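The block underneath contains the structure these notes are about, expressed in structure tokens.
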Amino acid sequence: MINLLCGILQVREDYSADGDAWQFFPHEHARSRTYRWGEDGLAGVSDNHQRLCFSVALWNGKDKILKERLFGLTNHEGNHGEDVKELYYYLENTPTHSYMKYLYKYPQAEFPYDHLVEEGTRRSRTEPEYELLDTGVFNENKYFDVFVEYAKDGQDVDDILVKITAHNRGPQDAPLTIVPQFWFRNTWAWLPEGEVEVPSLKKTGSLTIEAKHESLGDRWIHFEAAPKGAATDAPELIFTNNESNLQKLFNDPNHSPYVKDGFHEYVVNGNSDAINQKDCQGTKAAGVYRFDNVPAGGHVELRVRFNRKQPLNGQEGIVEEEFDQVFEDRIKDTEEFYGSLALKHLDKDLQRIQRQALAGMLWSKQWYHFDQRSWRKGDPVGVPPPPERHNLRNREWKHLYIEDILSMPDKWEYPFFAAWDMAFHCIPLSIVDPTFAKKQLDLLTREWYMHPSGQIPAYEWNFTDVNPPVHAWAALQVFKTEDRIYGRKDFLFLERVFQKLLLNFTWWVNRKDTEGNNVFEGGFLGLDNIGLFNRSEPLPNGATLRQADGTSWMAFFSLCMLHIALELAKRNPVYEDIASKFLEHFFHISDAMTYQSGGEEKSLWDSTDNFFYDSISWPGGHTQRLKTRSLVGVIPLFANLSLDPEYLEFFPGFTRRLNWLLDYREKHRPERVFKNEDTKENGSVLLALVDQTMLRAVLKRVLDENEFLSPFGIRSLSKFHQQNPLSMWMNGQEFRVDYLPAESDSGMFGGNSNWRGPIWLPTTYLLVASLKRFHYFYGEDFKVECPTGSGIMKNLEEVAWEIEVRLVKLVQSDDQGRRPANGGVDKADKDPLFKDLVLFYEYFDAETGKGLGASHQTGWTGLLAMIVQQVGLKCGN
């Protein structure tokens, strides 16, 4: 079973003329309008092709709509872009989804939909976001903790058991209706009648529904008869169809009298005509459990099961003892699995952080379907898309046909894959499920994803945009992690990905080095608003941006490909020649990064500031550095690789070429290229974009608490710019960069992310890894002051450790019981029912550690699972 989408929108559902997906398919339509490309649902799951779906719906007797899905603000409504306004948590999950646990906190008061929209719209970009806790609906604990748990039978993985437990945390009894619901994704409405067989859900007993599907086969859904506290002796089985309510939405006739929002109409408004009571069948079905009074401090519980087993001899319902034994067995299996991975010396809080991070990674798997040709052209049945859509997003990606299980950054805010996010997802995933991690990396290089030109699709809003080339690095890390934890070296996977990445590397060389001088552009490269200009758009006056980070990423890409080639050469010496090719690429890029040209600022290295900067190349050849102290100038540290003589012994051909190149470069190095390669007497060679002098200079800034070093990690923009903003006027317009440690003050890239100060996990993780590689080469004697000005000297491994510890502090409970990521909210930190729940935000306030952006970004923030393990290992040693 694979988790469902829980998104604000799917870009694929947008058939508008102007590309405004938020306006085209708003939350208000979601309960009444059929989805074309995927489904959503509260704590929901589906099969691996999303044919039959299940989720939980709730009603507290006061809400104006049935709670079937998460609610949030759109980009137009939120003062910092789209944002989910719910409290939910991923608590447990296993790689096989044999046991899963989810928590949703449901207010007993009317859910403040309108108030959240009004306040979010009213607030400016300089004000904090207005959250659900701020509304007061959780005051006096007047809410339900609704736990949804899944377990698979040990003998039949298609036998799925669901337990729903609702705790009344308030001081008074309160009503609650729980609606476990099943439906078939609508695959028939878009095609001529009869072309697709319509599946069915049909009542076959007072507690049983039969599900019939052409390819899924026959299944049976079994409901528990009379849970303690229920208003009736059995649930009411209700039926409708997963069809759009055209009458309500567009004032057009409905194709069926029973439509998607039928359950809402029946449960909330009491409209019995909205459900099919005549023959009790449809493509959407549910059991309605009404609890008139859930006792204060008490709980109610119900059980549902779906499998291939037809009830025999009228024996319907759930056998409670058998059901509970399956759960007990799966929980035991889960504890044993994580117990075998967890470090015994980790304290309980660190274990909790790692466990919830990994649970979030596994809950964020989603069935993703997209057929680009069908999406652009429209379906045979229905209103054709407006002609303006032919010039909208992703028109160059005609080959895309995707129907896979993918790892999502955040299932609500980012319910679509993103190339560089996915690479980072695979790092923690490789701890628990290296097979799935490898599959993810392989998929994006397959011919139905990768463009014929060799470009990897960036993300759904704009596949043509450019993410940093971290795919090779991630493949190598997953390969190594699987070997370290499970003792398996999957050379076939490594070679498979490497062959496709050769195409991607060639695309970069041909498309992003327009002047052919080994200095690369690249566009926004995942860093959104980090620079003076929108780096995804052409610069004014015909100028070209020479990007320090784009060039550094390519050097990093070259070294990762070189390293993979050498690993493959252990089994096939042909790869030594390819490794030599990437060695030469790296040398060319390295020279270009530090090439001095008289008074011209062609070098990306500023020898006065001792830092790397982007530069503008103006028509006519003049260049000018953009002196923004940002991660752009730190990323060059990522590109380093140490080659030991013991390692090089395996590759005699490559070693001869390496030695020849080093000797030749020593004799014929251009005078204006001032960086030398570091070597040791034993023959070890360090390939890096910086030498010792440059490394010390950059780290002096990185480790300065008045520049990059925050109490919680590495700032994306130096604090230097708090008092020294960078400004440039061009064509009568001012372009300006200020230090903004929290949210963005502009709408660039939607305004829902900010790289002008906050802490971001992916780049900090790469910096930590690079420092460890530098330490491997330079050893214990190479020390720098950390923090700068403290007088404390540390080797580079100790510096990496210092940064890792600061990152963990973002989510770790401190001596006062505060988790900085919670932003100082007392209820989140002090309430016994909240304090052990950890959220993994997209990025973090550099000064306070408060979590910002997407709140369930166990995509790359799930890297904390790996960092906690590394910190724990260090503590143990």
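Here, A, B, ... name the chains of the structure tokens in the order displayed, residue numbers run from 1 inside each chain, and ligands are numbered from 1 in the same displayed order.
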
Could you pull the residues within 7 Å of Phe463 in chain A, counting only C-alpha atoms, minus those fewer than 5 positions along the same chain, as a PDB file with N, CA and C atoms, in the first residue's frame?
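File produced: part_3.pdb:
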ATOM      1  N   ASN A 394       6.243  23.579 -19.707  1.00  0.00           N
ATOM      2  CA  ASN A 394       6.677  22.214 -20.018  1.00  0.00           C
ATOM      3  C   ASN A 394       6.340  21.738 -21.430  1.00  0.00           C
ATOM      4  N   PRO A 457      14.590  16.309 -15.667  1.00  0.00           N
ATOM      5  CA  PRO A 457      13.512  17.254 -15.348  1.00  0.00           C
ATOM      6  C   PRO A 457      13.671  17.805 -13.942  1.00  0.00           C
ATOM      7  N   ALA A 458      13.485  19.127 -13.800  1.00  0.00           N
ATOM      8  CA  ALA A 458      13.758  19.783 -12.519  1.00  0.00           C
ATOM      9  C   ALA A 458      12.619  19.559 -11.520  1.00  0.00           C
TER      10      ALA A 458
END

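Using only C-alpha atoms, the residues found no farther than 6 Å from range 836-845 of chain A, other than those of its own chain fewer than 4 positions away, are A:Pro741, A:Ala742, A:Pro758, A:Ile759, A:Trp760, A:Gly849, A:Lys850, A:Gly851, A:Leu852, A:Gly853, A:Ala854, A:Ser855, A:His856, A:Gln857, A:Thr858, A:Thr861.
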
Within 12 Å of range 785-799 of chain A, counting only C-alpha atoms, which residues qualify if same-chain residues fewer than 4 places away don't, as a short mmCIF file (atom, residue, chain, number, x, y, z; two decimals) with all heavy atoms, in the first residue's frame?
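File written: part.cif
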data_model
loop_
_atom_site.label_atom_id
_atom_site.label_comp_id
_atom_site.auth_asym_id
_atom_site.auth_seq_id
_atom_site.Cartn_x
_atom_site.Cartn_y
_atom_site.Cartn_z
N LEU A 695 41.23 27.57 1.25
CA LEU A 695 40.35 26.86 2.16
C LEU A 695 40.29 27.57 3.51
O LEU A 695 39.21 27.79 4.07
CB LEU A 695 40.83 25.42 2.33
CG LEU A 695 40.05 24.55 3.32
CD1 LEU A 695 38.58 24.43 2.92
CD2 LEU A 695 40.70 23.16 3.43
N ARG A 696 41.45 27.93 4.03
CA ARG A 696 41.48 28.64 5.32
C ARG A 696 40.73 29.98 5.22
O ARG A 696 40.01 30.38 6.15
CB ARG A 696 42.92 28.89 5.76
CG ARG A 696 43.67 27.63 6.18
CD ARG A 696 45.06 27.96 6.71
NE ARG A 696 45.82 26.76 7.00
CZ ARG A 696 45.72 26.07 8.13
NH1 ARG A 696 44.87 26.48 9.07
NH2 ARG A 696 46.45 24.99 8.34
N ALA A 697 40.91 30.67 4.11
CA ALA A 697 40.28 31.98 3.94
C ALA A 697 38.75 31.87 3.90
O ALA A 697 38.04 32.65 4.55
CB ALA A 697 40.80 32.64 2.67
N VAL A 698 38.25 30.90 3.14
CA VAL A 698 36.79 30.73 3.06
C VAL A 698 36.23 30.29 4.41
O VAL A 698 35.21 30.80 4.88
CB VAL A 698 36.42 29.73 1.96
CG1 VAL A 698 34.92 29.44 1.97
CG2 VAL A 698 36.83 30.25 0.59
N LEU A 699 36.92 29.35 5.06
CA LEU A 699 36.42 28.86 6.35
C LEU A 699 36.47 29.94 7.42
O LEU A 699 35.67 29.91 8.38
CB LEU A 699 37.23 27.64 6.80
CG LEU A 699 36.96 26.36 6.03
CD1 LEU A 699 37.82 25.22 6.56
CD2 LEU A 699 35.49 25.97 6.10
N LYS A 700 37.37 30.90 7.29
CA LYS A 700 37.39 32.00 8.25
C LYS A 700 36.06 32.74 8.24
O LYS A 700 35.56 33.15 9.29
CB LYS A 700 38.54 32.95 7.92
CG LYS A 700 38.73 34.07 8.95
CD LYS A 700 39.95 34.94 8.62
CE LYS A 700 40.12 36.03 9.68
NZ LYS A 700 41.31 36.89 9.39
N ARG A 701 35.48 32.90 7.07
CA ARG A 701 34.16 33.53 6.98
C ARG A 701 33.05 32.56 7.39
O ARG A 701 32.12 32.92 8.10
CB ARG A 701 33.91 34.04 5.57
CG ARG A 701 34.83 35.16 5.12
CD ARG A 701 34.24 35.90 3.92
NE ARG A 701 35.18 36.85 3.37
CZ ARG A 701 35.44 38.05 3.89
NH1 ARG A 701 34.85 38.41 5.00
NH2 ARG A 701 36.30 38.86 3.30
N VAL A 702 33.14 31.33 6.90
CA VAL A 702 32.09 30.35 7.17
C VAL A 702 31.93 30.10 8.66
O VAL A 702 30.81 29.93 9.17
CB VAL A 702 32.40 29.02 6.44
CG1 VAL A 702 31.47 27.90 6.90
CG2 VAL A 702 32.26 29.21 4.93
N LEU A 703 33.03 30.12 9.41
CA LEU A 703 33.00 29.81 10.83
C LEU A 703 32.91 31.05 11.72
O LEU A 703 33.04 30.96 12.94
CB LEU A 703 34.23 28.97 11.21
CG LEU A 703 34.36 27.65 10.44
CD1 LEU A 703 35.64 26.93 10.83
CD2 LEU A 703 33.14 26.76 10.67
N ASP A 704 32.68 32.18 11.12
CA ASP A 704 32.52 33.43 11.85
C ASP A 704 31.05 33.59 12.23
O ASP A 704 30.17 33.62 11.36
CB ASP A 704 32.97 34.61 10.97
CG ASP A 704 33.01 35.93 11.71
OD1 ASP A 704 32.31 36.07 12.74
OD2 ASP A 704 33.73 36.85 11.26
N GLU A 705 30.77 33.69 13.52
CA GLU A 705 29.38 33.79 13.97
C GLU A 705 28.74 35.12 13.59
O GLU A 705 27.52 35.26 13.70
CB GLU A 705 29.31 33.56 15.49
CG GLU A 705 29.66 32.11 15.85
CD GLU A 705 29.59 31.83 17.33
OE1 GLU A 705 30.12 32.65 18.12
OE2 GLU A 705 29.02 30.79 17.71
N ASN A 706 29.55 36.07 13.14
CA ASN A 706 29.01 37.33 12.62
C ASN A 706 28.83 37.28 11.11
O ASN A 706 28.41 38.28 10.51
CB ASN A 706 29.92 38.50 13.00
CG ASN A 706 29.94 38.77 14.49
OD1 ASN A 706 28.88 38.81 15.11
ND2 ASN A 706 31.13 38.90 15.06
N GLU A 707 29.16 36.12 10.53
CA GLU A 707 28.94 35.95 9.08
C GLU A 707 28.05 34.73 8.84
O GLU A 707 26.84 34.82 8.89
CB GLU A 707 30.29 35.85 8.36
CG GLU A 707 31.02 37.19 8.32
CD GLU A 707 31.69 37.45 6.98
OE1 GLU A 707 31.14 37.07 5.94
OE2 GLU A 707 32.78 38.06 6.99
N PHE A 708 28.64 33.54 8.63
CA PHE A 708 27.85 32.38 8.22
C PHE A 708 27.44 31.45 9.37
O PHE A 708 26.42 30.79 9.30
CB PHE A 708 28.62 31.57 7.18
CG PHE A 708 28.66 32.20 5.82
CD1 PHE A 708 29.74 32.98 5.43
CD2 PHE A 708 27.62 32.04 4.92
CE1 PHE A 708 29.78 33.58 4.18
CE2 PHE A 708 27.65 32.63 3.67
CZ PHE A 708 28.73 33.41 3.31
N LEU A 709 28.26 31.36 10.41
CA LEU A 709 28.02 30.35 11.44
C LEU A 709 26.92 30.81 12.40
O LEU A 709 27.09 31.75 13.18
CB LEU A 709 29.30 30.06 12.22
CG LEU A 709 29.21 28.91 13.24
CD1 LEU A 709 28.86 27.59 12.55
CD2 LEU A 709 30.51 28.78 14.04
N SER A 710 25.79 30.11 12.31
CA SER A 710 24.65 30.39 13.18
C SER A 710 24.68 29.40 14.35
O SER A 710 25.34 28.37 14.28
CB SER A 710 23.36 30.20 12.36
OG SER A 710 22.28 29.83 13.17
N PRO A 711 23.95 29.69 15.43
CA PRO A 711 23.83 28.69 16.50
C PRO A 711 23.23 27.38 16.03
O PRO A 711 23.32 26.37 16.72
CB PRO A 711 22.91 29.39 17.52
CG PRO A 711 23.05 30.84 17.26
CD PRO A 711 23.28 30.95 15.78
N GLY A 713 23.57 26.12 12.56
CA GLY A 713 24.08 25.62 11.28
C GLY A 713 24.77 26.71 10.50
O GLY A 713 25.38 27.62 11.06
N ILE A 714 24.65 26.65 9.18
CA ILE A 714 25.32 27.60 8.30
C ILE A 714 24.27 28.47 7.60
O ILE A 714 23.36 27.95 6.94
CB ILE A 714 26.18 26.86 7.25
CG1 ILE A 714 27.22 25.98 7.95
CG2 ILE A 714 26.85 27.85 6.31
CD1 ILE A 714 28.21 26.75 8.82
N LEU A 767 28.34 20.59 2.83
CA LEU A 767 29.52 21.23 3.40
C LEU A 767 30.16 20.34 4.45
O LEU A 767 31.39 20.17 4.47
CB LEU A 767 29.13 22.58 4.01
CG LEU A 767 30.25 23.31 4.76
CD1 LEU A 767 31.41 23.66 3.82
CD2 LEU A 767 29.73 24.56 5.46
N VAL A 768 29.34 19.78 5.31
CA VAL A 768 29.86 18.87 6.35
C VAL A 768 30.60 17.69 5.72
O VAL A 768 31.71 17.33 6.14
CB VAL A 768 28.71 18.38 7.25
CG1 VAL A 768 29.14 17.19 8.09
CG2 VAL A 768 28.21 19.51 8.15
N ALA A 769 30.00 17.10 4.69
CA ALA A 769 30.64 15.97 4.01
C ALA A 769 31.96 16.38 3.37
O ALA A 769 32.95 15.62 3.42
CB ALA A 769 29.70 15.39 2.96
N SER A 770 32.01 17.58 2.81
CA SER A 770 33.25 18.03 2.16
C SER A 770 34.34 18.28 3.19
O SER A 770 35.52 17.98 2.93
CB SER A 770 32.98 19.29 1.33
OG SER A 770 32.76 20.42 2.15
N LEU A 771 33.99 18.81 4.35
CA LEU A 771 34.98 19.04 5.40
C LEU A 771 35.58 17.72 5.88
O LEU A 771 36.79 17.63 6.16
CB LEU A 771 34.35 19.78 6.57
CG LEU A 771 33.95 21.24 6.31
CD1 LEU A 771 33.20 21.82 7.50
CD2 LEU A 771 35.18 22.09 6.00
N LYS A 772 34.76 16.69 5.94
CA LYS A 772 35.27 15.38 6.34
C LYS A 772 36.23 14.83 5.29
O LYS A 772 37.23 14.17 5.64
CB LYS A 772 34.10 14.41 6.57
CG LYS A 772 33.26 14.76 7.79
CD LYS A 772 32.09 13.81 7.96
CE LYS A 772 31.26 14.19 9.17
NZ LYS A 772 30.09 13.29 9.36
N ARG A 773 35.96 15.08 4.02
CA ARG A 773 36.88 14.63 2.97
C ARG A 773 38.20 15.42 3.02
O ARG A 773 39.28 14.85 2.84
CB ARG A 773 36.23 14.75 1.59
CG ARG A 773 35.04 13.83 1.37
CD ARG A 773 34.67 13.73 -0.10
NE ARG A 773 34.31 15.01 -0.68
CZ ARG A 773 33.10 15.54 -0.65
NH1 ARG A 773 32.11 14.91 -0.05
NH2 ARG A 773 32.85 16.72 -1.23
N PHE A 774 38.12 16.72 3.26
CA PHE A 774 39.34 17.51 3.42
C PHE A 774 40.16 16.99 4.61
O PHE A 774 41.39 16.90 4.54
CB PHE A 774 38.99 18.99 3.65
CG PHE A 774 38.76 19.78 2.40
CD1 PHE A 774 37.57 20.46 2.19
CD2 PHE A 774 39.75 19.89 1.42
CE1 PHE A 774 37.35 21.21 1.04
CE2 PHE A 774 39.54 20.64 0.26
CZ PHE A 774 38.35 21.30 0.08
N HIS A 775 39.46 16.66 5.70
CA HIS A 775 40.16 16.15 6.88
C HIS A 775 40.88 14.83 6.55
O HIS A 775 42.00 14.60 7.03
CB HIS A 775 39.18 15.93 8.03
CG HIS A 775 39.79 15.26 9.21
ND1 HIS A 775 40.64 15.89 10.09
CD2 HIS A 775 39.70 13.97 9.66
CE1 HIS A 775 41.04 15.06 11.02
NE2 HIS A 775 40.48 13.88 10.78
N TYR A 776 40.23 14.00 5.77
CA TYR A 776 40.85 12.72 5.41
C TYR A 776 42.20 12.94 4.73
O TYR A 776 43.15 12.19 4.97
CB TYR A 776 39.90 11.96 4.48
CG TYR A 776 40.45 10.63 4.01
CD1 TYR A 776 40.40 9.51 4.83
CD2 TYR A 776 41.02 10.50 2.74
CE1 TYR A 776 40.90 8.29 4.41
CE2 TYR A 776 41.52 9.28 2.31
CZ TYR A 776 41.46 8.19 3.15
OH TYR A 776 41.98 6.98 2.73
N PHE A 777 42.29 14.00 3.92
CA PHE A 777 43.56 14.27 3.23
C PHE A 777 44.54 15.02 4.13
O PHE A 777 45.70 14.62 4.27
CB PHE A 777 43.31 15.09 1.96
CG PHE A 777 44.56 15.38 1.18
CD1 PHE A 777 45.09 14.44 0.31
CD2 PHE A 777 45.23 16.58 1.35
CE1 PHE A 777 46.26 14.70 -0.40
CE2 PHE A 777 46.40 16.85 0.64
CZ PHE A 777 46.91 15.91 -0.24
N TYR A 778 44.10 16.08 4.78
CA TYR A 778 45.02 16.94 5.52
C TYR A 778 45.38 16.39 6.89
O TYR A 778 46.45 16.72 7.44
CB TYR A 778 44.43 18.35 5.67
CG TYR A 778 44.42 19.15 4.40
CD1 TYR A 778 43.23 19.66 3.88
CD2 TYR A 778 45.59 19.40 3.69
CE1 TYR A 778 43.21 20.40 2.72
CE2 TYR A 778 45.58 20.14 2.51
CZ TYR A 778 44.38 20.64 2.04
OH TYR A 778 44.37 21.37 0.88
N GLY A 779 44.49 15.62 7.49
CA GLY A 779 44.80 14.98 8.76
C GLY A 779 44.60 15.87 9.98
O GLY A 779 44.06 16.98 9.90
N GLU A 780 45.11 15.36 11.12
CA GLU A 780 44.87 15.99 12.41
C GLU A 780 45.56 17.34 12.56
O GLU A 780 45.13 18.18 13.35
CB GLU A 780 45.34 15.05 13.54
CG GLU A 780 44.65 13.70 13.57
CD GLU A 780 43.18 13.81 13.94
OE1 GLU A 780 42.84 14.70 14.75
OE2 GLU A 780 42.38 13.03 13.40
N ASP A 781 46.64 17.55 11.84
CA ASP A 781 47.44 18.76 12.05
C ASP A 781 46.88 20.00 11.37
O ASP A 781 47.28 21.12 11.70
CB ASP A 781 48.88 18.53 11.56
CG ASP A 781 49.59 17.46 12.37
OD1 ASP A 781 49.21 17.26 13.54
OD2 ASP A 781 50.51 16.81 11.83
N ILE A 803 29.32 21.63 13.35
CA ILE A 803 28.17 22.04 12.52
C ILE A 803 27.03 21.04 12.66
O ILE A 803 25.85 21.41 12.75
CB ILE A 803 28.61 22.20 11.05
CG1 ILE A 803 29.64 23.33 10.92
CG2 ILE A 803 27.40 22.50 10.16
CD1 ILE A 803 30.29 23.41 9.56
N GLU A 804 27.36 19.75 12.66
CA GLU A 804 26.32 18.71 12.80
C GLU A 804 25.57 18.87 14.12
O GLU A 804 24.33 18.75 14.16
CB GLU A 804 26.95 17.33 12.72
CG GLU A 804 27.36 16.93 11.31
CD GLU A 804 27.99 15.54 11.27
OE1 GLU A 804 28.83 15.23 12.14
OE2 GLU A 804 27.66 14.77 10.37
N VAL A 805 26.30 19.11 15.20
CA VAL A 805 25.66 19.27 16.51
C VAL A 805 24.71 20.47 16.48
O VAL A 805 23.60 20.41 17.03
CB VAL A 805 26.72 19.44 17.60
CG1 VAL A 805 26.09 19.89 18.92
CG2 VAL A 805 27.48 18.13 17.82
N ARG A 806 25.13 21.55 15.84
CA ARG A 806 24.26 22.72 15.75
C ARG A 806 23.01 22.42 14.94
O ARG A 806 21.92 22.91 15.26
CB ARG A 806 25.04 23.90 15.14
CG ARG A 806 26.16 24.39 16.06
CD ARG A 806 26.86 25.63 15.51
NE ARG A 806 27.96 26.04 16.38
CZ ARG A 806 28.27 27.30 16.68
NH1 ARG A 806 27.58 28.29 16.14
NH2 ARG A 806 29.27 27.59 17.49
N GLN A 870 25.08 10.04 12.71
CA GLN A 870 26.50 10.38 12.72
C GLN A 870 26.91 11.02 14.03
O GLN A 870 27.97 10.72 14.59
CB GLN A 870 26.80 11.30 11.53
CG GLN A 870 26.67 10.60 10.19
CD GLN A 870 26.63 11.56 9.01
OE1 GLN A 870 26.51 12.76 9.16
NE2 GLN A 870 26.69 11.02 7.80
N VAL A 871 26.05 11.92 14.55
CA VAL A 871 26.33 12.54 15.84
C VAL A 871 26.32 11.48 16.94
O VAL A 871 27.18 11.48 17.83
CB VAL A 871 25.29 13.65 16.14
CG1 VAL A 871 25.39 14.12 17.58
CG2 VAL A 871 25.50 14.83 15.20
N LYS A 874 29.53 9.50 16.88
CA LYS A 874 30.63 10.28 17.45
C LYS A 874 30.54 10.29 18.97
O LYS A 874 31.54 10.13 19.67
CB LYS A 874 30.57 11.70 16.90
CG LYS A 874 31.67 12.62 17.39
CD LYS A 874 32.94 12.42 16.63
CE LYS A 874 33.96 13.49 16.98
NZ LYS A 874 35.22 13.33 16.25
#

Determine, counting only C-alpha atoms, which protein, DNA and RNA residues have an atom within 6 Å of an atom of range 252-265 of chain A; residues of the same chain fewer than 4 positions away are not included. Present the result as a tab-separated table (two decimals) with N, CA and C atoms, in the first residue's frame.
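Result file part-v9.tsv:
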chain	number	residue	atom	x	y	z
A	31	ARG	N	-13.85	18.88	-2.80
A	31	ARG	CA	-14.79	17.85	-2.34
A	31	ARG	C	-15.83	17.49	-3.39
A	32	SER	N	-15.98	18.37	-4.42
A	32	SER	CA	-17.04	18.16	-5.40
A	32	SER	C	-16.53	17.81	-6.79
A	66	LEU	N	-17.34	18.33	5.53
A	66	LEU	CA	-16.77	17.08	6.02
A	66	LEU	C	-15.26	17.15	5.87
A	240	THR	N	-21.92	6.43	-3.08
A	240	THR	CA	-22.10	7.48	-4.09
A	240	THR	C	-21.13	7.16	-5.22
A	241	ASN	N	-20.89	8.12	-6.09
A	241	ASN	CA	-19.95	7.91	-7.19
A	241	ASN	C	-18.84	8.97	-7.16
A	242	ASN	N	-17.68	8.57	-7.58
A	242	ASN	CA	-16.57	9.51	-7.69
A	242	ASN	C	-16.70	10.25	-9.01
A	243	GLU	N	-17.74	11.09	-9.08
A	243	GLU	CA	-18.05	11.88	-10.27
A	243	GLU	C	-18.20	13.34	-9.84
A	244	SER	N	-17.81	14.25	-10.70
A	244	SER	CA	-17.91	15.68	-10.39
A	244	SER	C	-19.36	16.11	-10.23
A	245	ASN	N	-19.58	17.00	-9.28
A	245	ASN	CA	-20.89	17.62	-9.12
A	245	ASN	C	-20.94	18.83	-10.04
A	246	LEU	N	-21.20	18.57	-11.31
A	246	LEU	CA	-21.17	19.62	-12.33
A	246	LEU	C	-22.24	20.68	-12.09
A	247	GLN	N	-23.37	20.23	-11.53
A	247	GLN	CA	-24.45	21.16	-11.25
A	247	GLN	C	-24.01	22.23	-10.27
A	269	ASN	N	-25.06	17.77	6.07
A	269	ASN	CA	-26.33	18.45	5.81
A	269	ASN	C	-27.56	17.55	5.94
A	271	ASN	N	-28.66	15.28	3.94
A	271	ASN	CA	-29.36	15.10	2.67
A	271	ASN	C	-29.26	13.64	2.24
A	274	ALA	N	-28.55	12.40	-1.42
A	274	ALA	CA	-27.21	12.50	-2.00
A	274	ALA	C	-26.50	11.15	-2.05
A	275	ILE	N	-27.04	10.14	-1.37
A	275	ILE	CA	-26.39	8.82	-1.37
A	275	ILE	C	-27.32	7.80	-2.01

request  = Within range 483-689 of chain A, find each residue whose DSSP state, derived from the backbone, is strand (DSSP E), and express the selection as a PyMOL selection string.
outcome  = chain A and resi 544-546+605-606+611-612+614-617+623-626+640-643+678-679+685-688

request  = Enumerate as a ChimeraX atom specification all residues of range 257-496 of chain A assigned to helix (DSSP H, G or I) by DSSP on the backbone, naming them with the chain letters and numbers the document uses.
outcome  = /A:262-269,272-274,320-341,348-363,372-377,387-391,419-432,434-443,471-486,491-496

task = Fewer than 3 positions away in the same chain doesn't count, so skip those; otherwise give me all residues within 6 Å of Ala285 in chain A, counting only C-alpha atoms, as a ChimeraX atom specification.
result = /A:181-182,238-239

Kindly export the residues of the current selection with N, CA, C and O atoms, as a CSV table (one decimal), in the first residue's frame.
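Once everything was written out, this is selection_7.csv:
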chain,number,residue,atom,x,y,z
A,181,GLN,N,-13.5,5.7,4.4
A,181,GLN,CA,-14.1,5.6,3.1
A,181,GLN,C,-13.2,5.1,2.0
A,181,GLN,O,-12.0,5.2,2.1
A,182,PHE,N,-13.8,4.4,1.1
A,182,PHE,CA,-13.1,3.8,-0.1
A,182,PHE,C,-13.7,4.4,-1.4
A,182,PHE,O,-14.8,4.7,-1.4
A,238,ILE,N,-22.7,3.6,3.3
A,238,ILE,CA,-23.3,4.5,2.3
A,238,ILE,C,-22.5,4.5,1.0
A,238,ILE,O,-21.3,4.1,1.0
A,239,PHE,N,-23.2,5.0,-0.1
A,239,PHE,CA,-22.6,4.8,-1.4
A,239,PHE,C,-22.9,6.1,-2.3
A,239,PHE,O,-24.0,6.7,-2.2

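Note that CA of Val574 in chain A and CA of Lys500 in chain A are 16.6 Å apart.
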
ask   = Nearest to Asp490 in chain A among A:Gly229, A:Pro434, A:Pro311, A:Gly531, with distances taken over only C-alpha atoms: which residue is it?
value =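 Closest candidate: A:Pro434.
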
Tell me, as a short mmCIF file (atom, residue, chain, number, x, y, z; two decimals) with C-alpha atoms, in the first residue's frame, which residues lie within 12 Å of Arg496 in chain A, counting only C-alpha atoms; anything in the same chain fewer than 3 positions away does not count.
data_model
loop_
_atom_site.label_atom_id
_atom_site.label_comp_id
_atom_site.auth_asym_id
_atom_site.auth_seq_id
_atom_site.Cartn_x
_atom_site.Cartn_y
_atom_site.Cartn_z
CA LYS A 438 18.26 3.21 -5.86
CA LYS A 439 15.01 2.96 -7.80
CA LEU A 441 17.81 7.67 -8.64
CA ASP A 442 17.50 5.28 -11.55
CA LEU A 443 14.04 6.51 -12.56
CA LEU A 444 15.01 10.12 -13.18
CA THR A 445 17.65 8.97 -15.67
CA ARG A 446 15.28 6.72 -17.58
CA ALA A 472 25.97 11.28 -9.27
CA ALA A 475 24.11 7.48 -6.34
CA ASP A 490 25.40 -3.02 -6.19
CA PHE A 491 27.73 -2.34 -9.11
CA LEU A 492 24.92 -2.97 -11.58
CA PHE A 493 22.95 -0.05 -10.13
CA GLN A 499 25.76 5.48 -18.19
CA LYS A 500 22.74 7.82 -18.23
CA LEU A 501 24.54 10.52 -16.28
CA LEU A 502 27.12 10.65 -19.07
CA ILE A 564 32.14 6.32 -9.85
CA ALA A 565 34.21 5.52 -12.93
CA LEU A 568 33.41 0.59 -11.88
#
